[in-house]
Amino acid sequence: MPGPVMDRIPGGYRAMAVAVAARRTLSGAASTMLAPFAPRATGVAATPHDLRPADPENGRRILAGAFVLNGETLAHGVRGDPWDRASPSRGFALGLHRFGWMGDLLAQGEPGAREGLRLALGWRRVFGRATGFSWTVEVLERRVYNLACAAKALSAGASDAEAAQIARDLTRQAHALLAADRGPVRAAERAAAAAVAGAALAGEGLLKAALQRLERALPQSVDPDGGHATRSPQAALELFYDLLTLDDALTQRGAAAPPEMSRALEGLAGAVRFFTLADGGLAAFQGGETLSRAYVAGARAQDLSGTGPTAAKCNGYHRLGARGLQVVTDAAAPAAGAWSVAACGQPLAVEILAAGRRLIVGSGLSGEAQAAPALRLADAASTLTLGDQPCGQPLDGYAAQVLGPRLRDAPEVTLARRQDAPGAHFLEMAHDGWARRLGLRHERRLYLDLQADELRGEDRLTPLKAGGSPEGRRFVPFAIRFHLHPQVSALIARDGKSVLLKADDQGAGWTLRSDAQETVLEPSTYYQNDRPRRSQQVVLRGQARLDAGARVRWKLSAAGSRVDAAPPPA
């Protein structure tokens, strides 16, 4: 590795990058060499059911000769070859080679199964050798899972030779997946995909090895309360889906789920229940999206205990609820180390639903979206930002290529104290993300009045040392951001202290009032289905003196029938 490249890697990550690069090289070489010699399957023994809802319209488009993935299109023509041409983007290529579209195609019945078989065999002719992009672990994991779920349907209309080839290819790819060593992150997802393939195929060797790997990986991936180690609600949902599919396939094989898998299923079910909000979507934090109501409902339908009470806290998040308001806040530090490749430095961020609709949100950034790293910073969340100082930022350059865009210099949440009373919920939080650089602690207090159905908040910057030095008299600008859902409009009142927030189809709306020095509206971005949408954000601005700090109080309540509002400035 060239010296100048090493010099640009942040201290503490250099040796780690070299070690990880070497381990991955050896692991990749081993999986490539072993793949051709993997034991051969004798056929298909089960039909794993992926409970994720299919998109029949997407299946119809593929039959008509066009792949539409992540908002981009590749027109290959009816019964054309999508494998002999360049993809529009890397994100598109990921979706294409992962075969996530296969379920949509199979939803078209026999014509879809025939086309799926043709496309699978066409992929093998071009990419069947265990090399290149299509055999990277991030692609291989999902292709193994999707092919395993489709193997029975593809084999039904195939010749004996083609059916045998499908089984051999799936076996080889599943063994290559198990041979790849990428550490604990997504180890459970890789093992689950290989186990689904093992359950789908006749024979016991692959299934046994994959289940053993899964038993070791799940305690690291699933926290005791059911949350995912990445702290992403979407990651918890996706792993829950994978394990549900595996559980179904094991039942078809007459085998019981391992104890660790049963515990993980129960915990993940509770986490998905916690993160499912009043509109049926997920809370969107730490690299996860809201997702559609139908997508989340597919997993919730398998939660047999879903009618019970929902926990008030899970995975470091807190939920507060009144008649019309629902609040979720991130009251813990982001995931650390290798688990932080999609983590966000957005401490004490909130999402708020009003009358069952998203009102105040974050960027909703998905790990698959080709978006700017800035959307992982505090500015992209509904929380406080101080000057231009981030509270954690992703690695870049060579370090990111080897280690992934991990979050470095992430803040520690030093306080998360909750009190619940018959008429109110009170949550007090603090983090020291700016303590070392600026000597200020961010404290956020939330008080949800159940009777008045209003949320009162206070954001305070508290100095950690006594003043007296010339440096202490310096002022630093701060902003408290409330990002709005794209379907929410905003009007600033004439007094400059209140903002009317109103969803497209709601009545009077909600009023956000504060004692900030300045209230402005600015553009924002909201990610949905891996695509950005334009939105707005309410920004409360002020100045904090380093030796005195600052405080802003704000309140969100239902608006009256008459609002004295003026259009926002251009």
# chains A, B, ... in the order shown; residues from 1 in each chain; ligands from 1

$ residues_around --residues "region 412-414 of chain A" --least-positions-apart "5" --cutoff "10 Å" --atoms "only C-alpha atoms" --output "JSON, numbers by chain"
{"A": [316, 330, 331, 332, 333, 334, 347, 348, 391, 429, 430, 431, 432, 433, 441, 442, 443]}

$ write_last_selection --atoms "all heavy atoms" --output "compact mmCIF listing (two decimals), in the first residue's frame"
# COMPACT_ATOMS: atom_id res chain seq x y z
N GLY A 316 -32.24 1.14 22.85
CA GLY A 316 -31.77 2.51 23.10
C GLY A 316 -32.72 3.59 22.63
O GLY A 316 -32.43 4.79 22.77
N ASP A 330 -34.04 8.80 19.71
CA ASP A 330 -32.83 7.99 19.80
C ASP A 330 -32.04 8.46 21.01
O ASP A 330 -31.43 9.52 20.99
CB ASP A 330 -32.01 8.16 18.52
CG ASP A 330 -30.81 7.22 18.46
OD1 ASP A 330 -30.51 6.58 19.48
OD2 ASP A 330 -30.17 7.14 17.39
N ALA A 331 -32.04 7.65 22.06
CA ALA A 331 -31.43 8.04 23.32
C ALA A 331 -30.23 7.18 23.65
O ALA A 331 -29.94 6.91 24.83
CB ALA A 331 -32.45 7.95 24.45
N ALA A 332 -29.48 6.74 22.64
CA ALA A 332 -28.28 5.94 22.86
C ALA A 332 -27.24 6.30 21.80
O ALA A 332 -27.55 6.94 20.80
CB ALA A 332 -28.60 4.45 22.82
N ALA A 333 -26.02 5.89 22.04
CA ALA A 333 -24.94 6.16 21.09
C ALA A 333 -25.11 5.31 19.84
O ALA A 333 -25.73 4.24 19.88
CB ALA A 333 -23.59 5.86 21.74
N PRO A 334 -24.58 5.75 18.70
CA PRO A 334 -24.64 4.91 17.50
C PRO A 334 -23.84 3.63 17.70
O PRO A 334 -23.01 3.53 18.61
CB PRO A 334 -23.99 5.79 16.42
CG PRO A 334 -23.95 7.18 16.98
CD PRO A 334 -23.90 7.03 18.46
N PRO A 347 -27.28 12.31 17.55
CA PRO A 347 -27.73 12.02 18.90
C PRO A 347 -28.99 12.79 19.29
O PRO A 347 -29.17 13.95 18.94
CB PRO A 347 -26.53 12.46 19.76
CG PRO A 347 -25.81 13.47 18.91
CD PRO A 347 -25.98 13.00 17.52
N LEU A 348 -29.87 12.09 20.00
CA LEU A 348 -31.11 12.63 20.57
C LEU A 348 -32.11 13.07 19.50
O LEU A 348 -32.98 13.90 19.75
CB LEU A 348 -30.82 13.79 21.53
CG LEU A 348 -29.67 13.60 22.53
CD1 LEU A 348 -29.64 14.74 23.53
CD2 LEU A 348 -29.74 12.26 23.23
N CYS A 391 -21.11 15.35 15.03
CA CYS A 391 -21.07 14.41 16.17
C CYS A 391 -20.83 13.01 15.61
O CYS A 391 -21.69 12.13 15.71
CB CYS A 391 -22.38 14.47 16.94
SG CYS A 391 -22.42 15.79 18.13
N MET A 429 -32.42 13.61 28.44
CA MET A 429 -31.29 12.99 27.76
C MET A 429 -30.15 14.00 27.65
O MET A 429 -30.36 15.22 27.71
CB MET A 429 -31.70 12.53 26.36
CG MET A 429 -32.88 11.59 26.32
SD MET A 429 -33.56 11.44 24.65
CE MET A 429 -34.36 13.04 24.44
N ALA A 430 -28.94 13.48 27.44
CA ALA A 430 -27.78 14.35 27.24
C ALA A 430 -26.69 13.57 26.52
O ALA A 430 -26.58 12.35 26.65
CB ALA A 430 -27.25 14.88 28.57
N HIS A 431 -25.88 14.31 25.76
CA HIS A 431 -24.70 13.68 25.14
C HIS A 431 -23.54 14.67 25.16
O HIS A 431 -23.73 15.89 25.25
CB HIS A 431 -25.00 13.24 23.70
CG HIS A 431 -25.06 14.35 22.70
ND1 HIS A 431 -23.95 14.83 22.03
CD2 HIS A 431 -26.10 15.09 22.25
CE1 HIS A 431 -24.31 15.80 21.20
NE2 HIS A 431 -25.61 15.98 21.32
N ASP A 432 -22.31 14.13 25.08
CA ASP A 432 -21.10 14.93 25.17
C ASP A 432 -20.35 14.98 23.85
O ASP A 432 -19.12 14.97 23.81
CB ASP A 432 -20.18 14.37 26.27
CG ASP A 432 -20.69 14.71 27.66
OD1 ASP A 432 -21.57 15.57 27.76
OD2 ASP A 432 -20.19 14.12 28.64
N GLY A 433 -21.09 15.01 22.75
CA GLY A 433 -20.44 15.01 21.44
C GLY A 433 -19.58 16.24 21.18
O GLY A 433 -18.67 16.18 20.35
N ARG A 441 -22.21 20.56 26.66
CA ARG A 441 -23.04 19.35 26.64
C ARG A 441 -24.42 19.71 26.12
O ARG A 441 -25.01 20.71 26.52
CB ARG A 441 -23.16 18.75 28.04
CG ARG A 441 -24.18 17.60 28.12
CD ARG A 441 -24.39 17.12 29.55
NE ARG A 441 -23.21 16.47 30.06
CZ ARG A 441 -22.65 16.72 31.24
NH1 ARG A 441 -23.18 17.65 32.02
NH2 ARG A 441 -21.58 16.08 31.63
N HIS A 442 -24.95 18.85 25.21
CA HIS A 442 -26.31 19.04 24.72
C HIS A 442 -27.26 18.24 25.60
O HIS A 442 -27.12 17.02 25.73
CB HIS A 442 -26.43 18.58 23.27
CG HIS A 442 -27.84 18.62 22.75
ND1 HIS A 442 -28.30 17.76 21.77
CD2 HIS A 442 -28.91 19.41 23.08
CE1 HIS A 442 -29.56 18.01 21.52
NE2 HIS A 442 -29.95 19.01 22.31
N GLU A 443 -28.24 18.93 26.19
CA GLU A 443 -29.27 18.29 27.00
C GLU A 443 -30.62 18.52 26.33
O GLU A 443 -30.93 19.63 25.91
CB GLU A 443 -29.28 18.87 28.41
CG GLU A 443 -27.94 18.69 29.14
CD GLU A 443 -27.91 19.45 30.46
OE1 GLU A 443 -28.87 20.20 30.74
OE2 GLU A 443 -26.91 19.31 31.19

$ residues_around --residues "region 53-63 of chain A" --least-positions-apart "5" --cutoff "12 Å" --atoms "only C-alpha atoms" --output "compact mmCIF listing (two decimals) with N, CA, C and O atoms, in the first residue's frame"
# COMPACT_ATOMS: atom_id res chain seq x y z
N VAL A 68 -36.76 -2.39 -13.68
CA VAL A 68 -36.81 -1.08 -13.02
C VAL A 68 -36.43 -1.31 -11.56
O VAL A 68 -37.20 -1.89 -10.79
N LEU A 69 -35.23 -0.87 -11.20
CA LEU A 69 -34.70 -1.09 -9.85
C LEU A 69 -34.16 0.23 -9.32
O LEU A 69 -33.41 0.92 -10.01
N ASN A 70 -34.54 0.57 -8.08
CA ASN A 70 -34.09 1.81 -7.45
C ASN A 70 -34.35 3.03 -8.33
O ASN A 70 -33.53 3.97 -8.38
N GLY A 71 -35.47 3.03 -9.03
CA GLY A 71 -35.83 4.17 -9.85
C GLY A 71 -35.12 4.26 -11.18
O GLY A 71 -35.30 5.24 -11.91
N THR A 73 -33.91 2.26 -14.97
CA THR A 73 -34.47 1.29 -15.91
C THR A 73 -33.39 0.72 -16.82
O THR A 73 -32.53 1.46 -17.32
N LEU A 74 -33.46 -0.58 -17.03
CA LEU A 74 -32.65 -1.27 -18.03
C LEU A 74 -33.61 -2.01 -18.95
O LEU A 74 -34.23 -2.99 -18.54
N ALA A 75 -33.74 -1.53 -20.17
CA ALA A 75 -34.63 -2.16 -21.15
C ALA A 75 -33.83 -3.19 -21.94
O ALA A 75 -32.98 -2.82 -22.75
N HIS A 76 -34.13 -4.47 -21.74
CA HIS A 76 -33.40 -5.54 -22.43
C HIS A 76 -34.27 -6.22 -23.48
O HIS A 76 -33.80 -7.09 -24.21
N GLY A 77 -35.54 -5.85 -23.56
CA GLY A 77 -36.44 -6.42 -24.55
C GLY A 77 -37.05 -7.73 -24.09
O GLY A 77 -36.53 -8.41 -23.20
N VAL A 78 -38.17 -8.10 -24.69
CA VAL A 78 -38.85 -9.35 -24.33
C VAL A 78 -37.91 -10.52 -24.62
O VAL A 78 -37.38 -10.65 -25.74
N ARG A 79 -37.69 -11.34 -23.59
CA ARG A 79 -36.77 -12.48 -23.67
C ARG A 79 -35.37 -12.06 -24.10
O ARG A 79 -34.62 -12.84 -24.69
N GLY A 80 -35.03 -10.81 -23.78
CA GLY A 80 -33.69 -10.32 -24.07
C GLY A 80 -32.73 -10.72 -22.96
O GLY A 80 -33.08 -11.39 -21.99
N ASP A 81 -31.49 -10.29 -23.09
CA ASP A 81 -30.43 -10.68 -22.15
C ASP A 81 -29.96 -9.45 -21.37
O ASP A 81 -29.28 -8.59 -21.92
N PRO A 82 -30.31 -9.34 -20.09
CA PRO A 82 -29.85 -8.20 -19.30
C PRO A 82 -28.41 -8.35 -18.83
O PRO A 82 -27.84 -7.41 -18.27
N LEU A 96 -29.86 -6.12 -9.40
CA LEU A 96 -29.99 -7.08 -10.49
C LEU A 96 -29.34 -8.41 -10.12
O LEU A 96 -29.95 -9.48 -10.29
N GLY A 100 -33.34 -10.08 -6.17
CA GLY A 100 -34.48 -9.73 -5.34
C GLY A 100 -35.77 -9.59 -6.12
O GLY A 100 -36.86 -9.63 -5.55
N TRP A 101 -35.67 -9.44 -7.43
CA TRP A 101 -36.83 -9.32 -8.31
C TRP A 101 -37.48 -10.66 -8.63
O TRP A 101 -38.55 -10.70 -9.23
N MET A 102 -36.83 -11.77 -8.26
CA MET A 102 -37.33 -13.09 -8.64
C MET A 102 -38.71 -13.36 -8.07
O MET A 102 -39.59 -13.93 -8.74
N GLY A 103 -38.96 -12.93 -6.83
CA GLY A 103 -40.29 -13.12 -6.24
C GLY A 103 -41.37 -12.38 -6.98
O GLY A 103 -42.50 -12.87 -7.13
N ASP A 104 -41.05 -11.17 -7.48
CA ASP A 104 -42.02 -10.41 -8.28
C ASP A 104 -42.34 -11.14 -9.58
O ASP A 104 -43.50 -11.17 -10.03
N LEU A 105 -41.32 -11.74 -10.17
CA LEU A 105 -41.51 -12.47 -11.43
C LEU A 105 -42.34 -13.73 -11.20
O LEU A 105 -43.25 -14.05 -11.98
N LEU A 106 -42.07 -14.45 -10.11
CA LEU A 106 -42.81 -15.69 -9.83
C LEU A 106 -44.27 -15.40 -9.50
O LEU A 106 -45.12 -16.28 -9.63
N ALA A 107 -44.56 -14.17 -9.06
CA ALA A 107 -45.96 -13.80 -8.80
C ALA A 107 -46.79 -13.81 -10.08
O ALA A 107 -48.02 -13.76 -10.01
N GLN A 108 -46.14 -13.90 -11.24
CA GLN A 108 -46.85 -13.96 -12.53
C GLN A 108 -47.20 -15.39 -12.93
O GLN A 108 -47.65 -15.62 -14.06
N GLY A 109 -46.98 -16.34 -12.04
CA GLY A 109 -47.36 -17.72 -12.33
C GLY A 109 -46.39 -18.41 -13.28
O GLY A 109 -45.19 -18.13 -13.29
N GLU A 110 -46.92 -19.31 -14.11
CA GLU A 110 -46.07 -20.12 -14.98
C GLU A 110 -45.22 -19.28 -15.94
O GLU A 110 -44.03 -19.57 -16.12
N PRO A 111 -45.77 -18.22 -16.59
CA PRO A 111 -44.90 -17.41 -17.46
C PRO A 111 -43.73 -16.78 -16.70
O PRO A 111 -42.62 -16.72 -17.21
N GLY A 112 -43.98 -16.34 -15.47
CA GLY A 112 -42.92 -15.77 -14.67
C GLY A 112 -41.87 -16.79 -14.29
O GLY A 112 -40.67 -16.49 -14.28
N ALA A 113 -42.31 -18.02 -13.97
CA ALA A 113 -41.36 -19.07 -13.61
C ALA A 113 -40.48 -19.43 -14.80
O ALA A 113 -39.27 -19.65 -14.66
N ARG A 114 -41.07 -19.49 -15.99
CA ARG A 114 -40.27 -19.80 -17.18
C ARG A 114 -39.23 -18.72 -17.45
O ARG A 114 -38.08 -19.01 -17.78
N GLU A 115 -39.67 -17.46 -17.30
CA GLU A 115 -38.73 -16.36 -17.52
C GLU A 115 -37.66 -16.33 -16.44
O GLU A 115 -36.48 -16.06 -16.71
N GLY A 116 -38.05 -16.63 -15.19
CA GLY A 116 -37.08 -16.69 -14.11
C GLY A 116 -36.02 -17.75 -14.35
O GLY A 116 -34.82 -17.54 -14.10
N ARG A 118 -35.10 -18.91 -17.30
CA ARG A 118 -34.26 -18.45 -18.42
C ARG A 118 -33.23 -17.42 -17.95
O ARG A 118 -32.05 -17.49 -18.32
N LEU A 119 -33.65 -16.50 -17.10
CA LEU A 119 -32.74 -15.48 -16.61
C LEU A 119 -31.67 -16.07 -15.68
O LEU A 119 -30.50 -15.66 -15.71
N TYR A 241 -37.51 -11.20 8.85
CA TYR A 241 -38.04 -11.84 7.65
C TYR A 241 -37.22 -13.08 7.27
O TYR A 241 -37.78 -14.14 6.96
N LEU A 291 -40.11 2.50 5.09
CA LEU A 291 -40.69 1.37 4.36
C LEU A 291 -42.22 1.51 4.28
O LEU A 291 -42.83 2.28 5.01
N SER A 292 -42.81 0.73 3.40
CA SER A 292 -44.25 0.86 3.20
C SER A 292 -45.02 0.09 4.27
O SER A 292 -44.50 -0.85 4.88
N ARG A 293 -46.26 0.49 4.45
CA ARG A 293 -47.13 -0.18 5.42
C ARG A 293 -47.29 -1.67 5.08
O ARG A 293 -47.23 -2.52 5.96
N ALA A 294 -47.46 -1.97 3.78
CA ALA A 294 -47.63 -3.36 3.37
C ALA A 294 -46.38 -4.19 3.64
O ALA A 294 -46.47 -5.35 4.04
N TYR A 295 -45.21 -3.59 3.42
CA TYR A 295 -43.96 -4.33 3.64
C TYR A 295 -43.79 -4.69 5.11
O TYR A 295 -43.41 -5.81 5.46
N VAL A 296 -44.06 -3.74 5.99
CA VAL A 296 -43.93 -3.99 7.42
C VAL A 296 -45.02 -4.96 7.90
O VAL A 296 -44.77 -5.85 8.72
N ALA A 297 -46.21 -4.83 7.34
CA ALA A 297 -47.33 -5.68 7.76
C ALA A 297 -47.07 -7.15 7.47
O ALA A 297 -47.56 -8.03 8.19
N GLY A 298 -46.29 -7.45 6.41
CA GLY A 298 -45.98 -8.84 6.11
C GLY A 298 -45.27 -9.54 7.25
O GLY A 298 -45.50 -10.73 7.51
N ALA A 299 -44.41 -8.82 7.95
CA ALA A 299 -43.72 -9.38 9.11
C ALA A 299 -44.59 -9.34 10.35
O ALA A 299 -44.62 -10.29 11.14
N ALA A 301 -47.67 -9.68 10.61
CA ALA A 301 -48.70 -10.73 10.58
C ALA A 301 -48.20 -12.02 11.20
O ALA A 301 -48.99 -12.88 11.60

$ select_by_dssp --residues "region 254-422 of chain A" --states "strand (DSSP E)" --output "JSON, numbers by chain"
{"A": [313, 314, 317, 318, 319, 320, 321, 325, 326, 327, 328, 329, 330, 350, 351, 352, 353, 354, 357, 358, 359, 360, 361, 384, 385, 386, 393, 394, 407, 408, 413, 414, 415, 416, 417, 418, 419, 420, 421]}

$ write_last_selection --atoms "N, CA and C atoms" --output "compact mmCIF listing (two decimals), in the first residue's frame"
# COMPACT_ATOMS: atom_id res chain seq x y z
N LYS A 313 -39.40 1.13 25.66
CA LYS A 313 -37.99 1.32 25.32
C LYS A 313 -37.48 0.07 24.64
N CYS A 314 -36.65 0.25 23.61
CA CYS A 314 -36.05 -0.88 22.91
C CYS A 314 -34.81 -0.41 22.17
N TYR A 317 -33.88 3.21 22.08
CA TYR A 317 -34.89 4.17 21.65
C TYR A 317 -36.03 4.23 22.68
N HIS A 318 -36.72 5.37 22.73
CA HIS A 318 -37.88 5.52 23.61
C HIS A 318 -39.08 5.93 22.77
N ARG A 319 -40.26 5.40 23.15
CA ARG A 319 -41.53 5.80 22.54
C ARG A 319 -42.38 6.50 23.57
N LEU A 320 -42.98 7.61 23.16
CA LEU A 320 -43.92 8.34 23.99
C LEU A 320 -45.20 8.50 23.17
N GLY A 321 -46.35 8.32 23.81
CA GLY A 321 -47.59 8.40 23.06
C GLY A 321 -48.71 9.09 23.83
N LEU A 325 -50.45 12.50 19.39
CA LEU A 325 -49.02 12.57 19.14
C LEU A 325 -48.33 11.26 19.49
N GLN A 326 -47.37 10.90 18.67
CA GLN A 326 -46.51 9.75 18.93
C GLN A 326 -45.07 10.19 18.69
N VAL A 327 -44.21 9.96 19.66
CA VAL A 327 -42.83 10.43 19.61
C VAL A 327 -41.88 9.25 19.78
N VAL A 328 -40.86 9.18 18.93
CA VAL A 328 -39.77 8.22 19.09
C VAL A 328 -38.47 9.01 19.09
N THR A 329 -37.59 8.71 20.03
CA THR A 329 -36.33 9.43 20.11
C THR A 329 -35.18 8.45 20.30
N ASP A 330 -34.04 8.80 19.71
CA ASP A 330 -32.83 7.99 19.80
C ASP A 330 -32.04 8.46 21.01
N VAL A 350 -35.34 12.98 17.01
CA VAL A 350 -36.72 12.58 17.25
C VAL A 350 -37.46 12.41 15.93
N GLU A 351 -38.49 11.57 15.97
CA GLU A 351 -39.51 11.50 14.93
C GLU A 351 -40.86 11.67 15.62
N ILE A 352 -41.74 12.44 15.00
CA ILE A 352 -43.04 12.73 15.62
C ILE A 352 -44.14 12.48 14.60
N LEU A 353 -45.14 11.71 15.01
CA LEU A 353 -46.35 11.51 14.22
C LEU A 353 -47.49 12.27 14.88
N ALA A 354 -48.32 12.90 14.07
CA ALA A 354 -49.48 13.63 14.57
C ALA A 354 -50.71 13.10 13.87
N ARG A 357 -50.02 10.51 11.24
CA ARG A 357 -49.27 10.88 10.04
C ARG A 357 -47.87 11.36 10.44
N ARG A 358 -46.86 11.06 9.59
CA ARG A 358 -45.52 11.56 9.83
C ARG A 358 -45.53 13.08 9.74
N LEU A 359 -44.99 13.70 10.78
CA LEU A 359 -44.94 15.15 10.83
C LEU A 359 -43.48 15.62 10.82
N ILE A 360 -42.74 15.23 11.85
CA ILE A 360 -41.32 15.59 11.98
C ILE A 360 -40.52 14.31 11.85
N VAL A 361 -39.52 14.32 10.97
CA VAL A 361 -38.80 13.11 10.59
C VAL A 361 -37.30 13.39 10.54
N LEU A 384 -30.31 18.93 17.62
CA LEU A 384 -29.54 20.17 17.70
C LEU A 384 -28.19 19.99 17.03
N THR A 385 -27.74 21.03 16.31
CA THR A 385 -26.41 21.05 15.73
C THR A 385 -25.68 22.28 16.24
N LEU A 386 -24.36 22.15 16.41
CA LEU A 386 -23.57 23.23 16.99
C LEU A 386 -22.47 23.63 16.02
N GLN A 393 -18.62 11.20 12.07
CA GLN A 393 -18.69 11.28 10.62
C GLN A 393 -18.09 10.02 10.01
N PRO A 394 -18.55 9.64 8.81
CA PRO A 394 -18.09 8.38 8.21
C PRO A 394 -16.66 8.47 7.71
N LEU A 407 -18.56 4.89 11.18
CA LEU A 407 -18.71 6.18 11.84
C LEU A 407 -17.59 6.34 12.86
N ARG A 408 -16.86 7.43 12.77
CA ARG A 408 -15.80 7.70 13.74
C ARG A 408 -16.12 8.94 14.55
N VAL A 413 -23.94 9.02 24.62
CA VAL A 413 -25.11 9.54 25.32
C VAL A 413 -24.89 9.28 26.81
N THR A 414 -24.80 10.36 27.58
CA THR A 414 -24.43 10.25 28.99
C THR A 414 -25.63 10.18 29.92
N LEU A 415 -26.84 10.47 29.40
CA LEU A 415 -28.02 10.45 30.26
C LEU A 415 -29.23 10.09 29.43
N ALA A 416 -30.04 9.17 29.93
CA ALA A 416 -31.34 8.83 29.33
C ALA A 416 -32.23 8.39 30.48
N ARG A 417 -32.95 9.34 31.05
CA ARG A 417 -33.76 9.08 32.25
C ARG A 417 -35.21 9.38 31.93
N ARG A 418 -36.08 8.43 32.24
CA ARG A 418 -37.49 8.52 31.88
C ARG A 418 -38.36 8.40 33.11
N GLN A 419 -39.45 9.17 33.10
CA GLN A 419 -40.46 9.07 34.15
C GLN A 419 -41.83 9.02 33.50
N ASP A 420 -42.62 8.05 33.88
CA ASP A 420 -43.97 7.89 33.34
C ASP A 420 -44.98 8.06 34.48
N ALA A 421 -45.93 8.94 34.26
CA ALA A 421 -47.00 9.20 35.23
C ALA A 421 -48.33 9.02 34.53

$ closest_residue --among "A:Phe426, A:Tyr447, A:Tyr526, A:Phe475" --to "Trp554 (chain A)" --atoms "only C-alpha atoms"
A:Tyr447

$ residues_around --residues "region 449-455 of chain A" --least-positions-apart "6" --cutoff "8 Å" --atoms "only C-alpha atoms" --output "list in words"
Gly321, Ala322, Arg323, Gly324, Leu325, Gly423, Ala424, His425, Lys555, Leu556, Ser557 and Ala558 of chain A

$ select_by_dssp --residues "region 59-142 of chain A" --states "helix (DSSP H, G or I)" --output "MDAnalysis selection string"
chainID A and resid 59:63 82:84 90:98 102:106 110:127 133:135 137:142

$ atom_distance --atom1 "CA of Gly397 (chain A)" --atom2 "CA of Arg90 (chain A)"
17.9 Å

$ atom_distance --atom1 "CA of Ser134 (chain A)" --atom2 "CA of Lys152 (chain A)"
22.8 Å

$ atom_distance --atom1 "CA of Asn146 (chain A)" --atom2 "CA of Val272 (chain A)"
22.2 Å

$ residues_around --residues "Ala271 (chain A)" --least-positions-apart "4" --cutoff "8 Å" --atoms "only C-alpha atoms" --output "list in words"
Asp225, Gly226, Gly227, Pro233, Ala236, Gly267, Phe275, Cys314 and Asn315 of chain A

$ residues_around --residues "Arg124 (chain A)" --least-positions-apart "3" --cutoff "12 Å" --atoms "only C-alpha atoms" --output "VMD selection string"
chain A and resid 83 to 84 97 117 to 121 127 to 130 134 to 135 162 165 to 166 168 to 170 172 to 173

$ write_last_selection --atoms "N, CA and C atoms" --output "CSV table (one decimal), in the first residue's frame"
chain,number,residue,atom,x,y,z
A,83,TRP,N,-27.8,-9.5,-19.0
A,83,TRP,CA,-26.5,-9.8,-18.5
A,83,TRP,C,-25.4,-9.4,-19.4
A,84,ASP,N,-25.7,-9.1,-20.7
A,84,ASP,CA,-24.6,-8.7,-21.6
A,84,ASP,C,-24.5,-7.2,-21.8
A,97,HIS,N,-28.1,-8.4,-9.6
A,97,HIS,CA,-27.4,-9.6,-9.3
A,97,HIS,C,-27.8,-10.3,-8.0
A,117,LEU,N,-36.4,-18.9,-14.8
A,117,LEU,CA,-35.5,-20.0,-15.2
A,117,LEU,C,-34.5,-19.5,-16.3
A,118,ARG,N,-35.1,-18.9,-17.3
A,118,ARG,CA,-34.3,-18.5,-18.4
A,118,ARG,C,-33.2,-17.4,-17.9
A,119,LEU,N,-33.6,-16.5,-17.1
A,119,LEU,CA,-32.7,-15.5,-16.6
A,119,LEU,C,-31.7,-16.1,-15.7
A,120,ALA,N,-32.1,-17.0,-14.8
A,120,ALA,CA,-31.1,-17.7,-13.9
A,120,ALA,C,-30.0,-18.4,-14.7
A,121,LEU,N,-30.5,-19.2,-15.7
A,121,LEU,CA,-29.5,-19.9,-16.6
A,121,LEU,C,-28.6,-19.0,-17.4
A,127,PHE,N,-21.8,-15.3,-15.6
A,127,PHE,CA,-21.2,-15.0,-14.4
A,127,PHE,C,-21.0,-16.3,-13.5
A,128,GLY,N,-21.1,-17.4,-14.1
A,128,GLY,CA,-21.1,-18.7,-13.3
A,128,GLY,C,-19.7,-18.9,-12.6
A,129,ARG,N,-18.7,-18.3,-13.1
A,129,ARG,CA,-17.4,-18.5,-12.4
A,129,ARG,C,-17.3,-17.7,-11.1
A,130,ALA,N,-16.7,-18.2,-10.1
A,130,ALA,CA,-16.8,-17.6,-8.8
A,130,ALA,C,-15.8,-16.4,-8.7
A,134,SER,N,-20.2,-10.0,-9.1
A,134,SER,CA,-21.4,-10.7,-8.8
A,134,SER,C,-21.2,-11.8,-7.8
A,135,TRP,N,-19.9,-12.0,-7.4
A,135,TRP,CA,-19.6,-13.0,-6.4
A,135,TRP,C,-19.1,-12.4,-5.1
A,162,GLU,N,-31.6,-29.1,-16.5
A,162,GLU,CA,-31.6,-27.8,-16.0
A,162,GLU,C,-31.9,-27.7,-14.5
A,165,GLN,N,-28.9,-28.5,-12.6
A,165,GLN,CA,-28.0,-27.4,-12.7
A,165,GLN,C,-28.3,-26.3,-11.7
A,166,ILE,N,-29.6,-26.0,-11.6
A,166,ILE,CA,-30.1,-25.0,-10.6
A,166,ILE,C,-29.7,-25.5,-9.2
A,168,ARG,N,-27.2,-27.6,-8.3
A,168,ARG,CA,-25.7,-27.5,-8.2
A,168,ARG,C,-25.3,-26.1,-8.0
A,169,ASP,N,-25.8,-25.2,-8.8
A,169,ASP,CA,-25.4,-23.8,-8.7
A,169,ASP,C,-25.7,-23.2,-7.3
A,170,LEU,N,-26.9,-23.5,-6.8
A,170,LEU,CA,-27.3,-23.0,-5.5
A,170,LEU,C,-26.4,-23.5,-4.4
A,172,ARG,N,-23.3,-24.6,-4.7
A,172,ARG,CA,-22.0,-24.0,-4.8
A,172,ARG,C,-21.9,-22.6,-4.3
A,173,GLN,N,-22.9,-21.8,-4.6
A,173,GLN,CA,-23.0,-20.4,-4.1
A,173,GLN,C,-23.2,-20.4,-2.6
